[in-house]
$ cat model_3.cif   # mmCIF, C-alpha atoms and all ligand atoms
data_structure
loop_
_atom_site.label_atom_id
_atom_site.label_comp_id
_atom_site.auth_asym_id
_atom_site.auth_seq_id
_atom_site.Cartn_x
_atom_site.Cartn_y
_atom_site.Cartn_z
CA MET R 21 109.62 38.57 78.92
CA THR R 22 105.91 38.74 79.66
CA TRP R 23 104.12 36.73 77.05
CA PRO R 24 100.74 38.46 77.36
CA ASP R 25 102.55 41.22 75.35
CA LEU R 26 101.60 44.15 77.53
CA PRO R 27 102.83 47.65 76.70
CA PRO R 28 105.84 48.45 78.93
CA ASP R 29 103.94 51.23 80.71
CA ASP R 30 100.83 49.13 81.47
CA ARG R 31 99.71 50.01 85.02
CA PHE R 32 98.62 46.38 85.55
CA GLY R 33 101.77 44.71 84.28
CA ILE R 34 103.71 41.81 85.69
CA ASP R 35 105.01 43.78 88.71
CA ASN R 36 101.47 44.51 89.91
CA LEU R 37 99.23 41.38 89.84
CA PRO R 38 96.43 42.40 92.23
CA TYR R 39 93.94 39.82 93.52
CA GLY R 40 90.17 39.86 93.14
CA VAL R 41 87.10 37.65 92.89
CA PHE R 42 85.35 37.27 89.54
CA SER R 43 82.75 35.20 87.74
CA PRO R 44 83.56 34.09 84.19
CA PRO R 45 80.58 33.84 81.81
CA GLY R 46 78.30 31.12 83.24
CA GLY R 47 80.74 30.29 86.04
CA ALA R 48 80.78 30.57 89.84
CA PRO R 49 82.78 33.29 91.65
CA ARG R 50 86.45 32.44 92.11
CA VAL R 51 89.80 34.10 92.83
CA GLY R 52 91.66 35.78 89.99
CA VAL R 53 94.71 37.91 89.35
CA ARG R 54 94.53 40.90 87.05
CA VAL R 55 97.17 41.23 84.34
CA GLY R 56 96.66 44.05 81.85
CA ASP R 57 92.97 44.05 80.93
CA ARG R 58 92.54 40.35 81.63
CA VAL R 59 91.91 38.14 84.67
CA LEU R 60 93.78 34.91 85.29
CA ASP R 61 91.66 32.14 86.82
CA LEU R 62 93.85 30.92 89.68
CA ALA R 63 91.72 27.91 90.59
CA ALA R 64 92.20 26.65 87.04
CA VAL R 65 95.93 27.24 86.62
CA LEU R 66 97.12 26.44 90.15
CA ASP R 67 94.75 23.51 90.73
CA ASP R 68 94.20 24.55 94.34
CA PRO R 69 90.65 24.60 95.82
CA VAL R 70 91.55 27.58 98.01
CA PHE R 71 91.09 29.72 94.89
CA ALA R 72 87.77 28.13 93.88
CA ARG R 73 86.07 30.22 96.56
CA PRO R 74 83.96 33.38 96.38
CA ALA R 75 86.32 35.34 98.66
CA LEU R 76 90.04 35.82 99.24
CA ASN R 77 89.74 34.99 102.95
CA PRO R 78 90.84 31.31 102.87
CA PHE R 79 93.91 32.19 100.78
CA MET R 80 94.74 35.23 102.93
CA ALA R 81 94.53 33.05 106.07
CA GLN R 82 97.37 30.88 104.72
CA GLY R 83 99.90 33.58 105.58
CA ARG R 84 102.80 35.55 104.24
CA GLY R 85 104.96 32.59 103.14
CA ARG R 86 102.16 31.23 100.97
CA TRP R 87 101.34 34.71 99.54
CA THR R 88 104.92 35.11 98.38
CA GLN R 89 105.02 31.57 96.95
CA VAL R 90 101.81 32.05 94.94
CA ARG R 91 102.95 35.41 93.59
CA ALA R 92 106.21 33.85 92.41
CA HIS R 93 104.32 30.98 90.78
CA VAL R 94 101.87 33.30 88.97
CA THR R 95 104.77 35.47 87.80
CA GLU R 96 106.45 32.42 86.33
CA LEU R 97 103.26 31.30 84.59
CA LEU R 98 102.92 34.75 83.01
CA THR R 99 106.55 35.22 81.97
CA ASP R 100 107.82 31.83 80.81
CA ARG R 101 106.51 31.14 77.32
CA ARG R 102 106.52 27.41 77.99
CA HIS R 103 103.34 27.97 80.04
CA GLN R 104 101.61 30.15 77.46
CA ALA R 105 99.51 27.47 75.78
CA ALA R 106 98.27 26.02 79.08
CA VAL R 107 97.49 29.38 80.67
CA THR R 108 95.97 31.38 77.80
CA SER R 109 92.58 29.66 77.93
CA HIS R 110 92.27 30.70 81.60
CA LEU R 111 92.81 34.41 80.91
CA HIS R 112 89.43 36.17 80.65
CA PRO R 113 89.00 39.65 79.15
CA LEU R 114 87.85 42.04 81.91
CA PRO R 115 84.70 43.15 80.02
CA ASP R 116 83.54 39.50 79.95
CA VAL R 117 83.65 38.90 83.72
CA ARG R 118 81.71 40.11 86.72
CA LEU R 119 83.78 41.47 89.61
CA HIS R 120 82.67 40.87 93.20
CA LEU R 121 83.53 42.14 96.67
CA PRO R 122 87.02 40.58 96.88
CA PHE R 123 86.87 39.42 100.50
CA GLU R 124 84.38 38.87 103.24
CA VAL R 125 84.81 41.93 105.44
CA ALA R 126 85.21 40.81 109.05
CA ASP R 127 85.48 44.08 110.98
CA TYR R 128 85.78 47.54 109.54
CA VAL R 129 87.62 50.38 111.26
CA ASP R 130 88.14 53.85 109.84
CA PHE R 131 90.96 56.12 111.02
CA TYR R 132 91.56 59.86 110.78
CA ALA R 133 95.29 59.80 110.03
CA SER R 134 95.85 62.86 107.82
CA GLU R 135 96.93 65.92 109.81
CA HIS R 136 95.82 68.18 106.96
CA HIS R 137 92.37 66.60 106.77
CA ALA R 138 91.90 66.62 110.56
CA THR R 139 92.96 70.28 110.70
CA ASN R 140 90.67 71.28 107.83
CA LEU R 141 87.71 69.43 109.32
CA GLY R 142 88.39 70.69 112.85
CA ARG R 143 88.18 74.27 111.55
CA LEU R 144 84.87 73.54 109.77
CA PHE R 145 83.19 71.51 112.55
CA ARG R 146 84.54 73.43 115.55
CA PRO R 147 85.22 77.01 114.42
CA GLY R 148 86.97 79.15 117.01
CA SER R 149 88.69 76.27 118.84
CA GLU R 150 91.95 74.41 118.23
CA PRO R 151 91.42 72.38 115.02
CA LEU R 152 93.32 69.33 116.32
CA THR R 153 92.01 67.76 119.53
CA PRO R 154 94.63 67.32 122.33
CA ASN R 155 94.88 63.55 121.69
CA TRP R 156 95.42 63.79 117.91
CA LYS R 157 99.26 63.68 117.81
CA HIS R 158 99.44 60.96 120.47
CA LEU R 159 97.27 58.28 118.90
CA PRO R 160 95.67 57.42 115.55
CA ILE R 161 92.01 58.33 116.14
CA GLY R 162 89.51 55.88 114.69
CA TYR R 163 85.98 54.50 114.98
CA HIS R 164 84.36 51.15 114.24
CA GLY R 165 82.38 51.28 111.00
CA ARG R 166 79.82 48.90 109.55
CA ALA R 167 81.46 45.89 107.86
CA GLY R 168 78.15 44.71 106.37
CA THR R 169 77.76 47.80 104.20
CA VAL R 170 81.20 47.69 102.58
CA VAL R 171 80.36 47.28 98.88
CA VAL R 172 82.36 46.65 95.74
CA SER R 173 83.14 49.35 93.19
CA GLY R 174 80.25 49.93 90.78
CA THR R 175 77.53 49.50 93.39
CA HIS R 176 75.07 52.40 93.17
CA ILE R 177 74.85 54.59 96.27
CA THR R 178 71.37 55.64 97.39
CA ARG R 179 71.34 59.11 98.93
CA PRO R 180 70.75 58.46 102.64
CA ARG R 181 68.07 60.12 104.71
CA GLY R 182 68.51 61.20 108.29
CA GLN R 183 68.28 63.90 110.89
CA ARG R 184 69.99 67.21 110.38
CA LYS R 185 69.84 70.47 112.26
CA SER R 186 71.30 73.80 111.27
CA SER R 187 72.75 75.86 114.11
CA ASP R 188 70.01 78.49 113.95
CA ALA R 189 67.10 76.02 113.72
CA PRO R 190 65.15 75.24 116.91
CA ALA R 191 64.78 71.50 116.13
CA PRO R 192 66.12 68.84 113.76
CA VAL R 193 64.38 67.92 110.51
CA PHE R 194 64.31 64.57 108.69
CA GLY R 195 65.01 64.03 105.00
CA PRO R 196 67.59 63.24 102.31
CA THR R 197 71.07 64.50 103.12
CA GLN R 198 71.85 67.81 101.45
CA ARG R 199 75.59 67.50 101.98
CA LEU R 200 76.54 64.11 100.50
CA ASP R 201 80.32 63.85 100.35
CA ILE R 202 83.17 61.46 99.60
CA GLU R 203 86.30 60.51 101.50
CA ALA R 204 89.24 59.29 99.39
CA GLU R 205 91.05 56.75 101.54
CA VAL R 206 93.44 53.80 101.43
CA GLY R 207 92.33 50.55 103.07
CA PHE R 208 94.53 47.85 104.61
CA VAL R 209 93.31 44.24 104.50
CA ILE R 210 94.41 41.90 107.30
CA GLY R 211 95.45 38.49 106.02
CA THR R 212 96.40 36.72 109.23
CA GLY R 213 94.69 37.76 112.43
CA SER R 214 95.93 37.96 115.99
CA ALA R 215 94.57 36.33 119.14
CA LEU R 216 92.63 38.06 121.87
CA GLY R 217 95.10 39.55 124.34
CA GLU R 218 98.03 39.66 121.90
CA PRO R 219 98.84 43.12 120.50
CA VAL R 220 100.41 43.34 117.03
CA SER R 221 103.63 45.37 116.91
CA THR R 222 104.49 47.86 114.16
CA ALA R 223 107.23 45.39 113.13
CA ASP R 224 104.60 42.69 112.48
CA PHE R 225 102.68 44.77 109.92
CA HIS R 226 104.21 42.96 106.93
CA ASP R 227 103.34 39.51 108.24
CA ARG R 228 99.75 40.44 109.06
CA VAL R 229 98.61 42.70 106.23
CA PHE R 230 97.87 41.07 102.88
CA GLY R 231 97.41 44.20 100.79
CA VAL R 232 95.79 47.56 100.17
CA CYS R 233 92.84 48.94 98.22
CA LEU R 234 91.23 52.28 97.51
CA VAL R 235 88.24 53.13 99.70
CA ASN R 236 85.48 55.71 99.33
CA ASP R 237 83.94 56.42 102.73
CA TRP R 238 80.72 58.11 101.58
CA SER R 239 79.67 60.68 104.20
CA ALA R 240 76.50 62.67 104.91
CA ARG R 241 78.00 65.83 106.41
CA ASP R 242 74.77 67.38 107.72
CA VAL R 243 73.80 64.12 109.45
CA GLN R 244 77.36 63.79 110.79
CA ALA R 245 77.49 67.32 112.23
CA TRP R 246 74.32 66.73 114.27
CA GLU R 247 74.92 63.15 115.43
CA TYR R 248 78.67 62.91 116.08
CA VAL R 249 78.78 64.44 119.57
CA PRO R 250 80.00 62.79 121.77
CA LEU R 251 80.53 59.26 120.36
CA GLY R 252 81.66 59.95 116.78
CA PRO R 253 80.31 59.07 113.33
CA PHE R 254 77.35 56.67 113.09
CA LEU R 255 74.59 56.82 110.44
CA ALA R 256 76.40 59.54 108.47
CA LYS R 257 78.90 56.85 107.39
CA SER R 258 77.29 53.43 107.78
CA PHE R 259 74.97 53.55 104.73
CA ALA R 260 77.78 52.52 102.33
CA THR R 261 81.56 52.30 101.98
CA SER R 262 82.92 51.40 98.52
CA ILE R 263 86.14 49.50 97.87
CA SER R 264 88.08 48.51 94.78
CA PRO R 265 87.53 44.99 93.40
CA TRP R 266 91.35 44.59 93.34
CA ILE R 267 93.60 44.12 96.37
CA THR R 268 97.19 45.15 95.67
CA PRO R 269 99.45 42.77 97.62
CA LEU R 270 102.16 44.36 99.78
CA ASP R 271 104.65 42.37 97.68
CA ALA R 272 103.84 44.70 94.75
CA LEU R 273 104.64 47.78 96.85
CA ASP R 274 108.32 47.16 97.73
CA ALA R 275 109.35 50.34 95.88
CA ALA R 276 106.61 52.47 97.45
CA TRP R 277 107.80 52.58 101.07
CA THR R 278 108.83 56.01 102.26
CA THR R 279 109.64 57.90 105.44
CA PRO R 280 106.49 59.43 106.94
CA PRO R 281 106.42 63.12 108.00
CA ALA R 282 108.29 64.07 111.20
CA ARG R 283 106.14 63.44 114.28
CA VAL R 284 106.32 65.97 117.13
CA PRO R 285 105.90 65.04 119.92
CA GLU R 286 107.41 61.62 119.44
CA PRO R 287 104.70 58.95 119.78
CA LEU R 288 104.75 56.46 122.67
CA PRO R 289 107.10 53.46 122.17
CA TYR R 290 104.38 51.04 121.00
CA LEU R 291 103.75 53.40 118.06
CA ALA R 292 107.43 53.70 117.03
CA ASP R 293 108.22 53.39 113.32
CA VAL R 294 110.21 50.35 112.22
CA GLY R 295 112.01 51.47 109.08
CA LYS R 296 110.18 53.34 106.32
CA GLN R 297 106.53 52.60 106.99
CA GLY R 298 104.93 55.43 105.01
CA LEU R 299 103.57 54.60 101.56
CA ASP R 300 104.10 56.79 98.49
CA LEU R 301 100.72 56.36 96.79
CA SER R 302 99.33 59.05 94.47
CA LEU R 303 95.54 59.30 94.44
CA LYS R 304 93.12 61.05 92.10
CA VAL R 305 89.47 61.95 92.65
CA HIS R 306 87.31 62.08 89.51
CA LEU R 307 83.84 63.69 89.50
CA ASN R 308 81.83 62.79 86.39
CA GLY R 309 85.10 62.04 84.61
CA ALA R 310 87.01 65.21 85.57
CA VAL R 311 89.92 65.12 88.01
CA ILE R 312 89.06 67.42 90.94
CA SER R 313 91.84 66.49 93.38
CA LYS R 314 95.18 64.67 93.70
CA PRO R 315 95.67 63.54 97.32
CA PRO R 316 99.21 62.35 98.23
CA PHE R 317 99.21 59.39 100.63
CA ALA R 318 102.89 59.97 101.53
CA SER R 319 101.76 63.01 103.55
CA MET R 320 99.78 60.89 106.06
CA TYR R 321 100.85 61.50 109.67
CA TRP R 322 100.10 57.98 110.95
CA THR R 323 101.16 54.87 109.02
CA GLY R 324 99.26 51.63 108.40
CA ALA R 325 101.63 49.89 110.82
CA GLN R 326 100.88 52.40 113.58
CA MET R 327 97.13 52.06 112.97
CA LEU R 328 97.36 48.25 113.32
CA ALA R 329 99.50 48.50 116.46
CA HIS R 330 97.08 50.98 118.02
CA MET R 331 94.01 48.97 117.03
CA THR R 332 95.30 45.91 118.94
CA ILE R 333 97.31 47.47 121.82
CA ASN R 334 94.40 46.92 124.21
CA GLY R 335 94.39 43.19 123.44
CA ALA R 336 91.59 43.33 120.86
CA ALA R 337 91.83 40.39 118.45
CA SER R 338 92.12 40.91 114.70
CA ARG R 339 90.81 38.54 112.02
CA THR R 340 91.38 37.52 108.43
CA GLY R 341 89.31 39.94 106.36
CA ASP R 342 89.47 42.88 108.77
CA LEU R 343 89.55 46.12 106.82
CA TYR R 344 90.96 49.27 108.31
CA ALA R 345 91.02 52.47 106.31
CA SER R 346 93.33 55.44 106.69
CA GLY R 347 90.79 58.21 106.88
CA THR R 348 90.53 60.91 104.24
CA VAL R 349 93.81 61.50 102.45
CA SER R 350 94.45 65.25 102.20
CA GLY R 351 97.78 66.88 101.37
CA PRO R 352 99.05 70.31 102.43
CA ASN R 353 98.27 72.07 99.15
CA ALA R 354 95.16 73.28 97.33
CA GLY R 355 93.82 70.58 95.04
CA GLU R 356 95.09 67.78 97.31
CA CYS R 357 92.04 67.30 99.53
CA GLY R 358 90.18 64.00 99.59
CA SER R 359 86.71 65.34 100.39
CA LEU R 360 84.31 67.91 98.91
CA ILE R 361 83.77 69.61 102.28
CA GLU R 362 87.47 70.56 102.21
CA LEU R 363 87.68 71.29 98.47
CA THR R 364 84.73 73.71 98.77
CA GLN R 365 85.55 75.00 102.29
CA GLY R 366 82.35 73.74 103.79
CA GLY R 367 80.34 74.48 100.67
CA ALA R 368 81.27 78.19 100.71
CA HIS R 369 83.38 78.00 97.54
CA PRO R 370 81.77 75.75 94.89
CA LEU R 371 84.00 73.87 92.46
CA ALA R 372 83.68 74.90 88.83
CA LEU R 373 83.41 71.74 86.73
CA PRO R 374 85.28 71.51 83.41
CA GLY R 375 82.10 70.56 81.55
CA GLY R 376 80.23 73.55 83.00
CA GLY R 377 78.25 73.78 86.20
CA VAL R 378 79.42 73.89 89.80
CA ARG R 379 79.37 71.53 92.78
CA THR R 380 79.51 71.92 96.49
CA PHE R 381 78.26 68.46 97.50
CA LEU R 382 77.14 65.52 95.33
CA GLU R 383 73.99 65.66 93.24
CA ASP R 384 71.85 62.70 92.18
CA GLY R 385 73.39 61.06 89.11
CA ASP R 386 76.94 62.18 89.95
CA GLU R 387 79.64 59.56 89.59
CA ILE R 388 82.81 59.53 91.71
CA THR R 389 85.85 57.45 90.82
CA LEU R 390 89.01 57.14 92.91
CA SER R 391 92.18 56.01 91.17
CA GLY R 392 95.77 55.71 92.28
CA THR R 393 99.28 54.73 91.35
CA ALA R 394 102.45 53.68 93.17
CA PRO R 395 106.10 53.23 92.24
CA GLY R 396 106.38 49.69 90.87
CA ASN R 397 109.10 47.15 91.60
CA GLY R 398 110.13 47.27 87.94
CA GLY R 399 110.91 51.01 87.98
CA GLY R 400 107.65 52.23 86.40
CA ARG R 401 104.32 52.87 88.09
CA ILE R 402 101.61 50.40 88.97
CA GLY R 403 97.89 51.13 89.25
CA LEU R 404 95.64 50.62 92.24
CA GLY R 405 92.27 49.21 91.31
CA GLU R 406 89.72 51.99 90.80
CA VAL R 407 86.67 52.42 93.00
CA THR R 408 83.61 54.05 91.50
CA GLY R 409 80.04 54.78 92.56
CA ARG R 410 77.04 56.70 91.20
CA ILE R 411 74.50 58.52 93.37
CA ARG R 412 70.88 57.43 93.15
CA PRO R 413 68.01 59.56 94.48
CA ALA R 414 66.87 59.06 98.07
CA LEU R 415 63.91 56.86 98.92
CA THR R 416 60.64 58.76 99.01
MN MN M 1 86.52 58.22 106.64
#

$ encode --input "model_3.cif" --output "structure tokens"
Amino acid sequence: MTWPDLPPDDRFGIDNLPYGVFSPPGGAPRVGVRVGDRVLDLAAVLDDPVFARPALNPFMAQGRGRWTQVRAHVTELLTDRRHQAAVTSHLHPLPDVRLHLPFEVADYVDFYASEHHATNLGRLFRPGSEPLTPNWKHLPIGYHGRAGTVVVSGTHITRPRGQRKSSDAPAPVFGPTQRLDIEAEVGFVIGTGSALGEPVSTADFHDRVFGVCLVNDWSARDVQAWEYVPLGPFLAKSFATSISPWITPLDALDAAWTTPPARVPEPLPYLADVGKQGLDLSLKVHLNGAVISKPPFASMYWTGAQMLAHMTINGAASRTGDLYASGTVSGPNAGECGSLIELTQGGAHPLALPGGGVRTFLEDGDEITLSGTAPGNGGGRIGLGEVTGRIRPALT
């Protein structure tokens, strides 16, 4: 029996318990666990200085055994009524606290792991040629993003400026992007890193990865189309990437593992699946409060374990706090795409908004929220922490 008396269908019930960093009124940032619409101050109830820190990194570096131990301890504190009196004063209502970036982002890599997204974008960016490049089904394609501009949910996003060039124009022009887009993604947070020269196998995913979060990889499509040849995305992506303030630990996702789609041709041995390594997460994209898409993460071609194995197969080290994101999550059906460029077919078919008006790409003042759920260990569904951002006008 959970003594915080949560409704049985609460998406942040006792089988969820995501981690974040918060400041209580007048207090310094510290690690907390969300339960319902409250935050439990872990430094206070567990009397461990590793939680009296402004980032999850020191705790994540302690490793899988410690993560499981702490989760069990917190669960006991929140279910055994003998602890109620001691713990209640360390539960803060969410509206009273400030939420921070939950971990110090070490490196940031973004993949391109949805076959449907890659196919849709290939058609838009390279009309007339094969939508998937010849390497796509042999390796999870990715690029190194900018760790220093990963921001927490709620941070305003200033419309970036840059070069763009339409195909019929003789020269590029400079100015605010006219095709500001989103990418609904799932991020994996590395808890324990790996040494230089030591690849991480797909079987080691569970020991290395602490948890997942929703990611919005804001994208300036006109800047991207002009700059990406031949080295990939650069300034079209690096101005901001938003993540949820809550990291859902893998321990909360035991019921969410699923078999990924069939892969043909079979990937090379170092990318072989070990058991069910797909994740059945259901995402939603909200534009100014209206749901405009429902991307299914279970449809992703490459899994988080394969991305990690590929990212380190050359001997590259990984570190506590590394974030790698899946790439835009797009399903096979209409209404399942994780970006506006797909939902509007390159801007050719504007979306009609429920409150009136239409959108191709984002306008100043627009607010995007990504939300998600997963099957919970208790048989219901758990919520992924939301990530939201509002567009501010470009600098003048
Ligand atoms: Mn992306």

$ residues_near_ligand --input "model_3.cif" --ligand "ligand MN 1 (chain M)" --cutoff "12 Å" --atoms "all atoms listed in the file" --output "PyMOL selection string"
chain R and resi 128-134+137-138+141+161-166+201-207+234-241+244+252-254+256-258+260-262+344-350+358-359

$ residues_near_point --input "model_3.cif" --point "(70.0, 67.6, 90.9)" --cutoff "12 Å" --atoms "all atoms listed in the file" --output "ChimeraX atom specification"
/R:179,198,377-386,411-414

$ closest_atom_pairs --input "model_3.cif" --of "segment 61-113 of chain R" --to "segment 269-292 of chain R" --cutoff "12 Å" --atoms "only C-alpha atoms" --output "JSON lines"
{"residue": "R:Leu76", "atom": "CA", "partner": "R:Pro269", "partner_atom": "CA", "distance": 11.8}
{"residue": "R:Met80", "atom": "CA", "partner": "R:Pro269", "partner_atom": "CA", "distance": 10.4}
{"residue": "R:Arg84", "atom": "CA", "partner": "R:Asp271", "partner_atom": "CA", "distance": 9.6}
{"residue": "R:Gly85", "atom": "CA", "partner": "R:Asp271", "partner_atom": "CA", "distance": 11.2}
{"residue": "R:Arg86", "atom": "CA", "partner": "R:Asp271", "partner_atom": "CA", "distance": 11.9}
{"residue": "R:Trp87", "atom": "CA", "partner": "R:Pro269", "partner_atom": "CA", "distance": 8.5}
{"residue": "R:Thr88", "atom": "CA", "partner": "R:Asp271", "partner_atom": "CA", "distance": 7.3}
{"residue": "R:Gln89", "atom": "CA", "partner": "R:Asp271", "partner_atom": "CA", "distance": 10.8}
{"residue": "R:Val90", "atom": "CA", "partner": "R:Asp271", "partner_atom": "CA", "distance": 11.0}
{"residue": "R:Arg91", "atom": "CA", "partner": "R:Asp271", "partner_atom": "CA", "distance": 8.2}
{"residue": "R:Ala92", "atom": "CA", "partner": "R:Asp271", "partner_atom": "CA", "distance": 10.1}
{"residue": "R:Thr95", "atom": "CA", "partner": "R:Ala272", "partner_atom": "CA", "distance": 11.6}

$ closest_residue --input "model_3.cif" --among "R:Trp246, R:Leu360, R:Thr393, R:Glu218" --to "Phe317 of chain R" --atoms "only C-alpha atoms"
R:Thr393

$ closest_residue --input "model_3.cif" --among "R:Leu200, R:Ala318, R:Ala223, R:Ala126" --to "Ser338 of chain R" --atoms "all atoms listed in the file"
R:Ala126

$ atom_distance --input "model_3.cif" --atom1 "atom CA of Leu363 of chain R" --atom2 "atom CA of His306 of chain R"
12.9 Å
